[in-house]
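Novice: One structure coming up, written as structure tokens, with questions to follow.
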Amino acid sequence: MTSEPTSPPVVPPLHSPKSPVWPTFPFHREGSRVWERGGAPRDLPSPLPTKRTRTYSATARASAGPVFKGVCKQFSRSQGHGFITPENGSEDIFVHVSDIEGEYVPVEGDEVTYKMCPIPPKNQKFQAVEVVLTQLAPHTPHETWSGQVVGS
């Protein structure tokens, strides 16, 4: 008997699926609808506490604190935040869109009242909470949160 060298069996090449599956980290929890939003979230969540994510104790301390006055230095509706210049001339205070009370979007020059809440984790800086527009800047168009422009 002559033995001929045998060749290994022919294995068909592997084909990848048409839509690649990419593992994500952290893995999405069951029931999340990430695939409906067009993939994994691209932006990291903000570390700043919003009205919705602030702890009850921080909210209670801020509500019990004194009321300060200031002037809106800058506010970007598209970015969702801005800054207030305090009446006493100290460092500008950060303000998040969720902490603005009332129907108007703040613009430069609006007079406001606010309370202050420390920003974690070090609690060295502060943000304005319970912001109320007390005097709209004169001769400036103002926009409501619904998008209607009022005054000029």
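Residues are named by chain letter and number: chains run A, B, ... in the order of the structure tokens, numbers start at 1 in each chain, and ligands are numbered from 1 in the order shown.
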Skipping near chain neighbours, those fewer than 3 positions away, what residues fall within 8 Å of region 64-71 of chain A using only C-alpha atoms, listed as a VMD selection string?
Specialist: chain A and resid 60 to 61 84 to 87 108 to 116
Novice: Which is closest to Arg54 (chain A) among A:Val131, A:Val149, A:Asp99, A:Thr6, if we use only C-alpha atoms?
Specialist: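 Of A:Val131, A:Val149, A:Asp99, A:Thr6, the one nearest Arg54 (chain A) is A:Asp99, counting only C-alpha atoms.
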Novice: Here is a test: counting only C-alpha atoms, which residue of A:Ala128, A:Val105, A:Ala62, A:Cys117 is nearest to Ile93 (chain A)?
Specialist: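 Closest residue, counting only C-alpha atoms: A:Ala128.
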Novice: Work out how far CA of Thr55 (chain A) is from CA of Ser78 (chain A), in Å to one decimal.
Specialist: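 So the answer is 25.4 Å.
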Novice: Quick one: residues within 9 Å of Pro141 (chain A), only C-alpha atoms counted, chain neighbours fewer than 2 positions away excluded, as an mmCIF file with N, CA and C atoms, in the first residue's frame?
Specialist:
data_model
loop_
_atom_site.group_PDB
_atom_site.id
_atom_site.type_symbol
_atom_site.label_atom_id
_atom_site.label_comp_id
_atom_site.auth_asym_id
_atom_site.auth_seq_id
_atom_site.Cartn_x
_atom_site.Cartn_y
_atom_site.Cartn_z
ATOM 1 N N VAL A 107 -30.954 86.732 28.956
ATOM 2 C CA VAL A 107 -30.018 87.328 28.007
ATOM 3 C C VAL A 107 -29.089 88.248 28.780
ATOM 4 N N ALA A 137 -33.585 93.045 30.576
ATOM 5 C CA ALA A 137 -32.719 94.083 30.017
ATOM 6 C C ALA A 137 -33.536 94.945 29.041
ATOM 7 N N PRO A 138 -33.453 96.273 29.171
ATOM 8 C CA PRO A 138 -34.240 97.145 28.287
ATOM 9 C C PRO A 138 -33.721 97.123 26.845
ATOM 10 N N HIS A 139 -34.626 97.327 25.927
ATOM 11 C CA HIS A 139 -34.315 97.415 24.491
ATOM 12 C C HIS A 139 -33.631 96.157 23.968
ATOM 13 N N GLU A 143 -36.747 85.894 24.454
ATOM 14 C CA GLU A 143 -37.388 84.712 23.901
ATOM 15 C C GLU A 143 -37.979 83.893 25.042
ATOM 16 N N VAL A 149 -40.604 85.208 20.378
ATOM 17 C CA VAL A 149 -39.796 86.381 20.672
ATOM 18 C C VAL A 149 -40.711 87.503 21.134
ATOM 19 N N VAL A 150 -40.351 88.120 22.266
ATOM 20 C CA VAL A 150 -41.170 89.168 22.865
ATOM 21 C C VAL A 150 -40.321 90.419 23.028
ATOM 22 N N GLY A 151 -40.871 91.567 22.697
ATOM 23 C CA GLY A 151 -40.204 92.849 22.901
ATOM 24 C C GLY A 151 -39.039 93.063 21.945
ATOM 25 N N SER A 152 -38.555 94.273 21.898
ATOM 26 C CA SER A 152 -37.383 94.595 21.079
ATOM 27 C C SER A 152 -36.766 95.897 21.513
#
Novice: CA of Ser90 (chain A) and CA of Glu130 (chain A), how far apart in Å?
Specialist: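 Taking CA of Glu130 (chain A) as the start and CA of Ser90 (chain A) as the end point, the length is 19.2 Å.
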Novice: What is the CA of Gln127 (chain A)-CA of Phe94 (chain A) distance in Å, reported with one decimal?
Specialist: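 Atom-to-atom, CA of Gln127 (chain A) and CA of Phe94 (chain A) are spaced 4.7 Å apart.
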Novice: For Ala58 (chain A), which residue among A:Trp145, A:Thr140, A:Val129, A:Gln74 is the nearest when counting only C-alpha atoms?
Specialist: A:Val129
